[in-house]
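What follows is run30.cif (mmCIF, C-alpha atoms).
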data_upload
loop_
_atom_site.group_PDB
_atom_site.id
_atom_site.type_symbol
_atom_site.label_atom_id
_atom_site.label_comp_id
_atom_site.auth_asym_id
_atom_site.auth_seq_id
_atom_site.Cartn_x
_atom_site.Cartn_y
_atom_site.Cartn_z
ATOM 1 C CA MET A 1 -5.029 -22.799 4.012
ATOM 2 C CA ASP A 2 -8.178 -24.339 5.515
ATOM 3 C CA ILE A 3 -11.150 -25.655 3.531
ATOM 4 C CA SER A 4 -13.377 -22.650 4.331
ATOM 5 C CA THR A 5 -10.771 -20.252 2.902
ATOM 6 C CA ILE A 6 -10.417 -22.395 -0.236
ATOM 7 C CA LEU A 7 -14.201 -22.444 -0.701
ATOM 8 C CA LEU A 8 -14.408 -18.669 -0.216
ATOM 9 C CA ILE A 9 -11.706 -18.012 -2.825
ATOM 10 C CA ALA A 10 -13.504 -20.419 -5.178
ATOM 11 C CA VAL A 11 -16.757 -18.446 -4.763
ATOM 12 C CA VAL A 12 -14.935 -15.151 -5.398
ATOM 13 C CA VAL A 13 -13.242 -16.522 -8.537
ATOM 14 C CA MET A 14 -16.610 -17.684 -9.901
ATOM 15 C CA LEU A 15 -18.169 -14.331 -9.022
ATOM 16 C CA ILE A 16 -15.430 -12.396 -10.800
ATOM 17 C CA GLY A 17 -15.582 -14.629 -13.893
ATOM 18 C CA ILE A 18 -19.356 -14.339 -14.211
ATOM 19 C CA SER A 19 -19.340 -10.629 -13.421
ATOM 20 C CA LYS A 20 -16.754 -9.688 -16.016
ATOM 21 C CA SER A 21 -18.212 -11.686 -18.907
ATOM 22 C CA ALA A 22 -21.887 -11.004 -18.130
ATOM 23 C CA PHE A 23 -22.061 -7.632 -16.377
ATOM 24 C CA ALA A 24 -18.844 -5.755 -17.283
ATOM 25 C CA GLY A 25 -17.290 -6.427 -13.878
ATOM 26 C CA ALA A 26 -20.084 -4.741 -11.914
ATOM 27 C CA LEU A 27 -19.912 -7.294 -9.081
ATOM 28 C CA GLY A 28 -16.136 -7.070 -8.690
ATOM 29 C CA VAL A 29 -16.440 -4.479 -5.921
ATOM 30 C CA PHE A 30 -17.746 -7.224 -3.606
ATOM 31 C CA ALA A 31 -14.710 -9.470 -4.114
ATOM 32 C CA VAL A 32 -12.161 -7.916 -1.739
ATOM 33 C CA PRO A 33 -14.658 -7.522 1.164
ATOM 34 C CA LEU A 34 -15.611 -11.195 0.731
ATOM 35 C CA LEU A 35 -11.965 -12.308 0.805
ATOM 36 C CA MET A 36 -11.404 -10.228 3.934
ATOM 37 C CA PHE A 37 -13.734 -12.558 5.849
ATOM 38 C CA LYS A 38 -10.863 -15.070 5.861
ATOM 39 C CA LEU A 39 -7.745 -13.146 4.793
ATOM 40 C CA PRO A 40 -5.962 -10.021 6.115
ATOM 41 C CA ALA A 41 -6.715 -6.891 4.059
ATOM 42 C CA VAL A 42 -3.265 -6.630 2.434
ATOM 43 C CA GLU A 43 -3.272 -10.334 1.523
ATOM 44 C CA ALA A 44 -6.822 -10.103 0.132
ATOM 45 C CA ILE A 45 -5.937 -7.107 -2.050
ATOM 46 C CA ALA A 46 -2.720 -8.772 -3.253
ATOM 47 C CA LEU A 47 -4.559 -12.001 -4.166
ATOM 48 C CA MET A 48 -7.346 -10.035 -5.852
ATOM 49 C CA LEU A 49 -5.093 -8.550 -8.534
ATOM 50 C CA PRO A 50 -3.878 -11.807 -10.191
ATOM 51 C CA LEU A 51 -7.441 -13.180 -9.931
ATOM 52 C CA LEU A 52 -8.729 -10.108 -11.762
ATOM 53 C CA ILE A 53 -6.021 -10.373 -14.422
ATOM 54 C CA ILE A 54 -6.917 -14.042 -15.022
ATOM 55 C CA ALA A 55 -10.606 -13.102 -15.354
ATOM 56 C CA ASP A 56 -9.681 -10.198 -17.662
ATOM 57 C CA ALA A 57 -7.748 -12.578 -19.926
ATOM 58 C CA MET A 58 -10.670 -15.016 -20.112
ATOM 59 C CA THR A 59 -13.200 -12.264 -20.898
ATOM 60 C CA ILE A 60 -10.975 -10.718 -23.556
ATOM 61 C CA LYS A 61 -10.586 -14.148 -25.159
ATOM 62 C CA SER A 62 -14.386 -14.622 -25.191
ATOM 63 C CA PHE A 63 -15.019 -11.145 -26.652
ATOM 64 C CA TRP A 64 -11.878 -10.882 -28.787
ATOM 65 C CA LYS A 65 -11.801 -7.692 -30.923
ATOM 66 C CA LYS A 66 -15.467 -6.946 -30.145
ATOM 67 C CA TRP A 67 -14.539 -3.865 -28.125
ATOM 68 C CA ASP A 68 -14.957 -0.312 -29.404
ATOM 69 C CA LYS A 69 -11.394 0.620 -30.423
ATOM 70 C CA ALA A 70 -11.995 4.365 -30.649
ATOM 71 C CA LEU A 71 -13.733 4.445 -27.282
ATOM 72 C CA LEU A 72 -10.999 2.368 -25.650
ATOM 73 C CA LYS A 73 -8.335 4.756 -26.974
ATOM 74 C CA SER A 74 -10.214 7.685 -25.457
ATOM 75 C CA LEU A 75 -10.482 5.921 -22.075
ATOM 76 C CA VAL A 76 -6.896 4.764 -21.475
ATOM 77 C CA PRO A 77 -5.190 8.194 -21.094
ATOM 78 C CA GLY A 78 -7.693 9.275 -18.450
ATOM 79 C CA ALA A 79 -7.249 6.015 -16.538
ATOM 80 C CA ILE A 80 -3.452 6.427 -16.501
ATOM 81 C CA ILE A 81 -3.743 9.988 -15.204
ATOM 82 C CA GLY A 82 -6.295 8.847 -12.607
ATOM 83 C CA ILE A 83 -4.015 6.082 -11.305
ATOM 84 C CA VAL A 84 -0.998 8.422 -11.143
ATOM 85 C CA LEU A 85 -3.006 11.156 -9.381
ATOM 86 C CA ALA A 86 -4.396 8.661 -6.879
ATOM 87 C CA ASN A 87 -0.921 7.446 -5.986
ATOM 88 C CA LEU A 88 0.434 10.990 -5.663
ATOM 89 C CA LEU A 89 -2.496 12.236 -3.570
ATOM 90 C CA MET A 90 -3.137 9.053 -1.583
ATOM 91 C CA ASP A 91 -2.336 10.708 1.760
ATOM 92 C CA GLN A 92 -4.429 13.829 1.033
ATOM 93 C CA ILE A 93 -7.653 12.171 -0.177
ATOM 94 C CA ASN A 94 -10.157 10.805 2.322
ATOM 95 C CA ALA A 95 -11.034 7.388 0.880
ATOM 96 C CA ASP A 96 -14.246 7.156 2.925
ATOM 97 C CA TYR A 97 -15.586 10.441 1.526
ATOM 98 C CA LEU A 98 -14.597 9.418 -1.988
ATOM 99 C CA ARG A 99 -16.410 6.090 -1.619
ATOM 100 C CA LEU A 100 -19.567 7.861 -0.428
ATOM 101 C CA ILE A 101 -19.450 10.305 -3.346
ATOM 102 C CA ILE A 102 -19.196 7.417 -5.822
ATOM 103 C CA ALA A 103 -21.976 5.586 -3.955
ATOM 104 C CA TRP A 104 -24.432 8.463 -4.215
ATOM 105 C CA ILE A 105 -23.561 9.092 -7.857
ATOM 106 C CA CYS A 106 -24.370 5.422 -8.540
ATOM 107 C CA ILE A 107 -27.678 5.632 -6.660
ATOM 108 C CA ILE A 108 -28.813 8.888 -8.291
ATOM 109 C CA PHE A 109 -27.775 7.744 -11.771
ATOM 110 C CA ALA A 110 -29.514 4.361 -11.381
ATOM 111 C CA ILE A 111 -32.733 5.956 -10.100
ATOM 112 C CA LYS A 112 -32.638 8.435 -12.981
ATOM 113 C CA ASN A 113 -32.277 5.637 -15.550
ATOM 114 C CA LEU A 114 -34.868 3.360 -13.978
ATOM 115 C CA PHE A 115 -37.590 5.898 -13.191
ATOM 116 C CA PHE A 116 -36.820 9.074 -15.150
ATOM 117 C CA LYS A 117 -35.694 7.713 -18.515
ATOM 118 C CA GLN A 118 -36.727 10.854 -20.357
ATOM 119 C CA LEU A 119 -33.822 12.752 -18.769
ATOM 120 C CA LYS A 120 -30.749 12.379 -20.984
ATOM 121 C CA LEU A 121 -27.211 13.002 -19.760
ATOM 122 C CA THR A 122 -26.001 14.260 -23.141
ATOM 123 C CA PHE A 123 -22.984 16.004 -21.614
ATOM 124 C CA LEU A 124 -21.401 12.595 -20.997
ATOM 125 C CA ASN A 125 -21.702 11.606 -24.662
ATOM 126 C CA HIS A 126 -18.562 13.539 -25.531
ATOM 127 C CA PRO A 127 -14.795 12.824 -25.589
ATOM 128 C CA VAL A 128 -14.427 14.929 -22.450
ATOM 129 C CA GLY A 129 -16.993 12.677 -20.752
ATOM 130 C CA ALA A 130 -14.920 9.612 -21.595
ATOM 131 C CA TYR A 131 -11.780 11.295 -20.291
ATOM 132 C CA CYS A 132 -13.380 12.417 -17.001
ATOM 133 C CA MET A 133 -15.111 9.116 -16.245
ATOM 134 C CA SER A 134 -12.056 6.987 -17.057
ATOM 135 C CA ALA A 135 -9.883 9.227 -14.856
ATOM 136 C CA THR A 136 -12.434 8.853 -12.062
ATOM 137 C CA SER A 137 -12.351 5.088 -12.571
ATOM 138 C CA GLY A 138 -8.545 5.122 -12.274
ATOM 139 C CA ILE A 139 -8.735 7.128 -9.052
ATOM 140 C CA THR A 140 -11.482 5.073 -7.403
ATOM 141 C CA SER A 141 -9.923 1.793 -8.508
ATOM 142 C CA THR A 142 -6.617 2.753 -6.895
ATOM 143 C CA LEU A 143 -7.992 4.260 -3.683
ATOM 144 C CA VAL A 144 -11.176 2.339 -2.856
ATOM 145 C CA HIS A 145 -11.019 -0.662 -5.254
ATOM 146 C CA ALA A 146 -14.207 0.494 -7.000
ATOM 147 C CA GLY A 147 -13.169 1.348 -10.540
ATOM 148 C CA GLY A 148 -16.241 -0.267 -12.089
ATOM 149 C CA PRO A 149 -19.062 2.155 -11.190
ATOM 150 C CA PRO A 150 -17.722 5.266 -13.045
ATOM 151 C CA LEU A 151 -17.107 3.225 -16.206
ATOM 152 C CA ILE A 152 -20.495 1.489 -16.022
ATOM 153 C CA ILE A 153 -22.219 4.847 -15.488
ATOM 154 C CA TYR A 154 -20.521 6.234 -18.599
ATOM 155 C CA PHE A 155 -21.245 3.195 -20.802
ATOM 156 C CA THR A 156 -24.860 3.170 -19.643
ATOM 157 C CA ALA A 157 -25.237 6.909 -20.278
ATOM 158 C CA ILE A 158 -24.037 6.606 -23.882
ATOM 159 C CA GLU A 159 -26.122 3.418 -24.313
ATOM 160 C CA LEU A 160 -23.179 1.403 -25.570
ATOM 161 C CA ALA A 161 -24.206 -1.782 -27.376
ATOM 162 C CA GLN A 162 -24.292 -4.827 -25.093
ATOM 163 C CA THR A 163 -21.373 -6.795 -26.556
ATOM 164 C CA LYS A 164 -19.186 -3.698 -26.909
ATOM 165 C CA PHE A 165 -20.135 -2.738 -23.349
ATOM 166 C CA VAL A 166 -18.701 -5.967 -21.899
ATOM 167 C CA ALA A 167 -15.769 -6.276 -24.325
ATOM 168 C CA THR A 168 -14.602 -2.651 -23.975
ATOM 169 C CA ALA A 169 -14.938 -2.829 -20.188
ATOM 170 C CA ALA A 170 -12.852 -6.034 -20.154
ATOM 171 C CA ALA A 171 -10.083 -4.481 -22.249
ATOM 172 C CA PHE A 172 -10.122 -1.312 -20.138
ATOM 173 C CA TYR A 173 -9.945 -3.240 -16.852
ATOM 174 C CA ALA A 174 -7.137 -5.424 -18.219
ATOM 175 C CA ILE A 175 -5.012 -2.385 -19.086
ATOM 176 C CA MET A 176 -5.761 -0.739 -15.736
ATOM 177 C CA ASN A 177 -4.992 -3.896 -13.730
ATOM 178 C CA LEU A 178 -1.690 -4.395 -15.545
ATOM 179 C CA LEU A 179 -0.765 -0.806 -14.685
ATOM 180 C CA LYS A 180 -1.677 -1.460 -11.048
ATOM 181 C CA LEU A 181 0.366 -4.685 -11.152
ATOM 182 C CA VAL A 182 3.530 -2.638 -11.753
ATOM 183 C CA GLY A 183 2.913 -0.718 -8.539
ATOM 184 C CA VAL A 184 2.024 -3.801 -6.487
ATOM 185 C CA VAL A 185 5.156 -5.670 -7.643
ATOM 186 C CA SER A 186 7.401 -2.647 -7.069
ATOM 187 C CA LEU A 187 6.086 -2.383 -3.500
ATOM 188 C CA GLY A 188 6.751 -6.091 -2.908
ATOM 189 C CA LEU A 189 3.105 -6.863 -2.119
ATOM 190 C CA LEU A 190 2.768 -9.745 -4.578
ATOM 191 C CA SER A 191 4.550 -12.957 -3.612
ATOM 192 C CA VAL A 192 5.178 -16.066 -5.690
ATOM 193 C CA ASP A 193 2.878 -18.022 -3.361
ATOM 194 C CA THR A 194 0.055 -15.558 -4.019
ATOM 195 C CA VAL A 195 0.452 -15.943 -7.784
ATOM 196 C CA PHE A 196 0.447 -19.756 -7.501
ATOM 197 C CA THR A 197 -2.654 -19.603 -5.284
ATOM 198 C CA ALA A 198 -4.437 -17.540 -7.938
ATOM 199 C CA MET A 199 -3.353 -19.902 -10.731
ATOM 200 C CA ALA A 200 -4.671 -22.924 -8.797
ATOM 201 C CA PHE A 201 -8.191 -21.541 -9.263
ATOM 202 C CA PHE A 202 -7.781 -21.056 -13.025
ATOM 203 C CA PRO A 203 -10.283 -23.854 -13.940
ATOM 204 C CA LEU A 204 -12.986 -22.083 -11.918
ATOM 205 C CA ALA A 205 -12.178 -18.835 -13.729
ATOM 206 C CA ILE A 206 -12.846 -20.652 -17.015
ATOM 207 C CA LEU A 207 -16.152 -21.982 -15.672
ATOM 208 C CA GLY A 208 -17.211 -18.570 -14.356
ATOM 209 C CA ASN A 209 -16.364 -16.981 -17.686
ATOM 210 C CA TRP A 210 -18.406 -19.601 -19.570
ATOM 211 C CA ILE A 211 -21.443 -19.053 -17.332
ATOM 212 C CA GLY A 212 -21.120 -15.280 -17.716
ATOM 213 C CA VAL A 213 -20.935 -15.488 -21.505
ATOM 214 C CA LYS A 214 -24.080 -17.658 -21.570
ATOM 215 C CA ILE A 215 -25.918 -15.168 -19.343
ATOM 216 C CA ASN A 216 -24.848 -12.300 -21.591
ATOM 217 C CA GLN A 217 -26.030 -14.105 -24.709
ATOM 218 C CA HIS A 218 -29.542 -14.558 -23.292
ATOM 219 C CA LEU A 219 -30.056 -10.948 -22.180
ATOM 220 C CA ASP A 220 -31.488 -8.583 -24.789
ATOM 221 C CA LYS A 221 -30.272 -4.967 -24.851
ATOM 222 C CA VAL A 222 -33.194 -3.511 -22.884
ATOM 223 C CA LEU A 223 -32.955 -6.139 -20.146
ATOM 224 C CA PHE A 224 -29.150 -5.851 -20.056
ATOM 225 C CA LEU A 225 -29.273 -2.078 -19.449
ATOM 226 C CA LYS A 226 -31.992 -2.546 -16.815
ATOM 227 C CA VAL A 227 -29.860 -5.153 -15.017
ATOM 228 C CA MET A 228 -26.819 -2.845 -15.165
ATOM 229 C CA ASN A 229 -28.827 -0.008 -13.598
ATOM 230 C CA TYR A 230 -30.117 -2.223 -10.795
ATOM 231 C CA LEU A 231 -26.530 -3.390 -10.204
ATOM 232 C CA LEU A 232 -25.430 0.264 -10.017
ATOM 233 C CA LEU A 233 -28.144 0.891 -7.436
ATOM 234 C CA LEU A 234 -26.965 -2.157 -5.469
ATOM 235 C CA LEU A 235 -23.340 -1.006 -5.715
ATOM 236 C CA GLY A 236 -24.287 2.446 -4.489
ATOM 237 C CA ILE A 237 -26.113 1.045 -1.456
ATOM 238 C CA TRP A 238 -23.238 -1.355 -0.752
ATOM 239 C CA LEU A 239 -20.620 1.412 -0.919
ATOM 240 C CA THR A 240 -22.772 3.580 1.371
ATOM 241 C CA VAL A 241 -23.091 1.008 4.161
ATOM 242 C CA LYS A 242 -19.640 -0.556 3.724
ATOM 243 C CA LYS A 243 -17.215 0.148 6.579
#
Would you give me this structure, written as C-alpha cells?
Amino acid sequence: MDISTILLIAVVVMLIGISKSAFAGALGVFAVPLLMFKLPAVEAIALMLPLLIIADAMTIKSFWKKWDKALLKSLVPGAIIGIVLANLLMDQINADYLRLIIAWICIIFAIKNLFFKQLKLTFLNHPVGAYCMSATSGITSTLVHAGGPPLIIYFTAIELAQTKFVATAAAFYAIMNLLKLVGVVSLGLLSVDTVFTAMAFFPLAILGNWIGVKINQHLDKVLFLKVMNYLLLLLGIWLTVKK
C-alpha cells in the first residue's frame, strides 16, 4: 500500500469519526467514493464496513445511553425489513433511480426546512413515520450506501434533541452495520487483511471521534439543525451529480 493510499484512508477515517460524533454520520456517504480514488470498488466497500463499525463503537462510547430507547426500538424492525428487501430485490431495483429519488427528497426537505420553516411535516411524527424512514434507510444503505439521509430527514422532521439525535443515530447505524457485516462475511468479501488494515487506523478514529464530540458540544440546537439541513442539501446535490 503506497503512501497516498494510506493518507487517503487516514482522511476517510477522520471524516467518518467526526461525522458520526458531530453530525450523526451525515458525511459518511462521501467515504466510499473517496476510497475509490485509490481502491477498487469492492475493496473500498469491504474496507468501509469495519471502519464504520469502529467509528460506531467510538460514538456509542462517547454518547453512552444518551439515545432515545423508545425511538430506537421503533427504528430497528424497519431497518431489518429494509435490508432484507434490498437483498431480495437487488436485481430488480435500479440503484441509480433510487439514488436520484433520495437525492431530490434530501434537496426538497432541506429547502423546506431552511426557507419554509412554517410548513410542518406532522405525518412523519408518528410510529409509522419511524417505520417507513428506517426501512428506507435499510434499503438505501444496502443498495447505494446512503442510509444516512432518510434517518437524518426523519430526526430533523421530529426535531429530535441534539444529543439524542447523534446518540440514537449512532446506535441505529451500529445495529444496521452489524447486520450488513453478516452478509459481507457470508459472501467472503471481508478478508483478515482488510480487518487488520481498518484496525491500524484505530488511533485516528479516536481522534476523529474526539474532534466530533467537541464540535457537537459547541453547537446549540438551532445551529445544529441548520447545519444538518445544509448537509442534507449538500448530500442531495452530491447524490444527484454522483456517477
Can you find the residues with an atom no farther than 8 Å from (-13.1, 9.3, -15.5), counting all atoms listed in the file, and report them as a short mmCIF file (atom, residue, chain, number, x, y, z; two decimals) with C-alpha atoms, keeping the file's coordinate frame?
data_model
loop_
_atom_site.label_atom_id
_atom_site.label_comp_id
_atom_site.auth_asym_id
_atom_site.auth_seq_id
_atom_site.Cartn_x
_atom_site.Cartn_y
_atom_site.Cartn_z
CA LEU A 75 -10.48 5.92 -22.08
CA GLY A 78 -7.69 9.28 -18.45
CA ALA A 79 -7.25 6.02 -16.54
CA GLY A 82 -6.30 8.85 -12.61
CA GLY A 129 -16.99 12.68 -20.75
CA ALA A 130 -14.92 9.61 -21.60
CA TYR A 131 -11.78 11.30 -20.29
CA CYS A 132 -13.38 12.42 -17.00
CA MET A 133 -15.11 9.12 -16.24
CA SER A 134 -12.06 6.99 -17.06
CA ALA A 135 -9.88 9.23 -14.86
CA THR A 136 -12.43 8.85 -12.06
CA SER A 137 -12.35 5.09 -12.57
CA GLY A 138 -8.54 5.12 -12.27
CA PRO A 150 -17.72 5.27 -13.04
CA LEU A 151 -17.11 3.22 -16.21
#
Spatial neighbours of Ile18 (chain A), max dist 10 Å, all atoms listed in the file, sep filter under 6 positions, as a PyMOL selection string:
chain A and resi 12+24-28+55+59+205-216
Step by step, gather every atom of region 103-110 of chain A that the file lists, find the box along x, y and z that holds them, add 8 Å on each side, and finally give centre and edge lengths in Å to one decimal, as AutoDock Vina command-line options.
--center_x -25.7 --center_y 6.7 --center_z -7.9 --size_x 23.5 --size_y 20.7 --size_z 23.8
Using CA of Leu204 (chain A) and CA of Gly17 (chain A) as the two end points, give the distance in Å to one decimal.
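Answer for the CA of Leu204 (chain A) to CA of Gly17 (chain A) separation: 8.1 Å.
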Nearest to Leu88 (chain A): which of A:Pro149, A:Pro33, A:Leu143, A:Thr194 is it, counting all atoms listed in the file?
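Smallest separation from Leu88 (chain A) among the options: A:Leu143.
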Surrounding residues of Asn87 (chain A) excluding itself and chain neighbours under 2 positions, 10 Å, all atoms listed in the file, as an mmCIF file with C-alpha atoms, keeping the file's coordinate frame:
data_model
loop_
_atom_site.group_PDB
_atom_site.id
_atom_site.type_symbol
_atom_site.label_atom_id
_atom_site.label_comp_id
_atom_site.auth_asym_id
_atom_site.auth_seq_id
_atom_site.Cartn_x
_atom_site.Cartn_y
_atom_site.Cartn_z
ATOM 1 C CA ILE A 81 -3.743 9.988 -15.204
ATOM 2 C CA GLY A 82 -6.295 8.847 -12.607
ATOM 3 C CA ILE A 83 -4.015 6.082 -11.305
ATOM 4 C CA VAL A 84 -0.998 8.422 -11.143
ATOM 5 C CA LEU A 85 -3.006 11.156 -9.381
ATOM 6 C CA LEU A 89 -2.496 12.236 -3.570
ATOM 7 C CA MET A 90 -3.137 9.053 -1.583
ATOM 8 C CA ASP A 91 -2.336 10.708 1.760
ATOM 9 C CA ILE A 139 -8.735 7.128 -9.052
ATOM 10 C CA THR A 142 -6.617 2.753 -6.895
ATOM 11 C CA LEU A 143 -7.992 4.260 -3.683
ATOM 12 C CA GLY A 183 2.913 -0.718 -8.539
#
Could you jot down the CA of Asn94 (chain A) to CA of Leu49 (chain A) separation for me, Å, one decimal place?
22.8 Å
Reference answer for the PyMOL selection byres ((chain A and resi 52) around 12), as a short mmCIF file (atom, residue, chain, number, x, y, z; two decimals) with C-alpha atoms, in the coordinates of the input:
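out.cif, written as the output of this step:
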data_model
loop_
_atom_site.label_atom_id
_atom_site.label_comp_id
_atom_site.auth_asym_id
_atom_site.auth_seq_id
_atom_site.Cartn_x
_atom_site.Cartn_y
_atom_site.Cartn_z
CA VAL A 12 -14.94 -15.15 -5.40
CA VAL A 13 -13.24 -16.52 -8.54
CA MET A 14 -16.61 -17.68 -9.90
CA LEU A 15 -18.17 -14.33 -9.02
CA ILE A 16 -15.43 -12.40 -10.80
CA GLY A 17 -15.58 -14.63 -13.89
CA ILE A 18 -19.36 -14.34 -14.21
CA SER A 19 -19.34 -10.63 -13.42
CA LYS A 20 -16.75 -9.69 -16.02
CA SER A 21 -18.21 -11.69 -18.91
CA GLY A 25 -17.29 -6.43 -13.88
CA LEU A 27 -19.91 -7.29 -9.08
CA GLY A 28 -16.14 -7.07 -8.69
CA VAL A 29 -16.44 -4.48 -5.92
CA ALA A 31 -14.71 -9.47 -4.11
CA VAL A 32 -12.16 -7.92 -1.74
CA ILE A 45 -5.94 -7.11 -2.05
CA ALA A 46 -2.72 -8.77 -3.25
CA LEU A 47 -4.56 -12.00 -4.17
CA MET A 48 -7.35 -10.04 -5.85
CA LEU A 49 -5.09 -8.55 -8.53
CA PRO A 50 -3.88 -11.81 -10.19
CA LEU A 51 -7.44 -13.18 -9.93
CA ILE A 53 -6.02 -10.37 -14.42
CA ILE A 54 -6.92 -14.04 -15.02
CA ALA A 55 -10.61 -13.10 -15.35
CA ASP A 56 -9.68 -10.20 -17.66
CA ALA A 57 -7.75 -12.58 -19.93
CA MET A 58 -10.67 -15.02 -20.11
CA THR A 59 -13.20 -12.26 -20.90
CA HIS A 145 -11.02 -0.66 -5.25
CA ALA A 170 -12.85 -6.03 -20.15
CA ALA A 171 -10.08 -4.48 -22.25
CA TYR A 173 -9.94 -3.24 -16.85
CA ALA A 174 -7.14 -5.42 -18.22
CA ILE A 175 -5.01 -2.38 -19.09
CA MET A 176 -5.76 -0.74 -15.74
CA ASN A 177 -4.99 -3.90 -13.73
CA LEU A 178 -1.69 -4.39 -15.54
CA LYS A 180 -1.68 -1.46 -11.05
CA LEU A 181 0.37 -4.68 -11.15
CA VAL A 195 0.45 -15.94 -7.78
CA ALA A 198 -4.44 -17.54 -7.94
CA MET A 199 -3.35 -19.90 -10.73
CA PHE A 201 -8.19 -21.54 -9.26
CA PHE A 202 -7.78 -21.06 -13.02
CA ALA A 205 -12.18 -18.84 -13.73
CA ASN A 209 -16.36 -16.98 -17.69
#
Which residue out of A:Met1, A:Val227, A:Val185, A:Leu179 has the minimum interatomic distance to Ile80 (chain A) when all atoms listed in the file are used?
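Nearest candidate to Ile80 (chain A) out of A:Met1, A:Val227, A:Val185, A:Leu179: A:Leu179.
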Could you tell me which residues the PyMOL selection byres ((chain A and resi 231-234) around 6) grabs in this file, written as a VMD selection string?
chain A and resid 106 to 107 110 228 to 230 235 to 237
Which residue, A:Gln92, A:Asn113, A:Ser62, A:Ser4, has the smallest gap to Leu39 (chain A) when you use all atoms listed in the file?
A:Ser4
With only C-alpha atoms as the basis for distance, which of A:Leu114, A:Ala157, A:Ala169, A:Ile108 is at the shortest distance from Leu72 (chain A)?
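Among A:Leu114, A:Ala157, A:Ala169, A:Ile108, it is A:Ala169 that comes nearest to Leu72 (chain A).
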Counting all atoms listed in the file, which residues come within 12 Å of (-16.2, -11.8, 4.2), with the point read in the file's coordinates, and could you list them as a list in words?
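Result, sorted by chain then residue number: Ser4, Thr5, Leu7, Leu8, Ile9, Val11, Val12, Phe30, Ala31, Val32, Pro33, Leu34, Leu35, Met36, Phe37, Lys38, Leu39, Pro40, Ala41, Ala44 and Lys242 of chain A.
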CA of Asp68 (chain A) to CA of Lys164 (chain A), straight-line distance in Å:
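Computed distance, CA of Lys164 (chain A) to CA of Asp68 (chain A), equals 6.0 Å.
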Using all atoms listed in the file, which residue out of A:Val76, A:Leu225, A:Ile6, A:Val241 lies closest to Leu160 (chain A)?
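Using all atoms listed in the file, the shortest distance to Leu160 (chain A) belongs to A:Leu225.
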Taking into account all atoms listed in the file, which residue in the set A:Ser191, A:Ser74, A:Ser186, A:Thr163 is nearest to Pro127 (chain A)?
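Smallest separation from Pro127 (chain A) among the options: A:Ser74.
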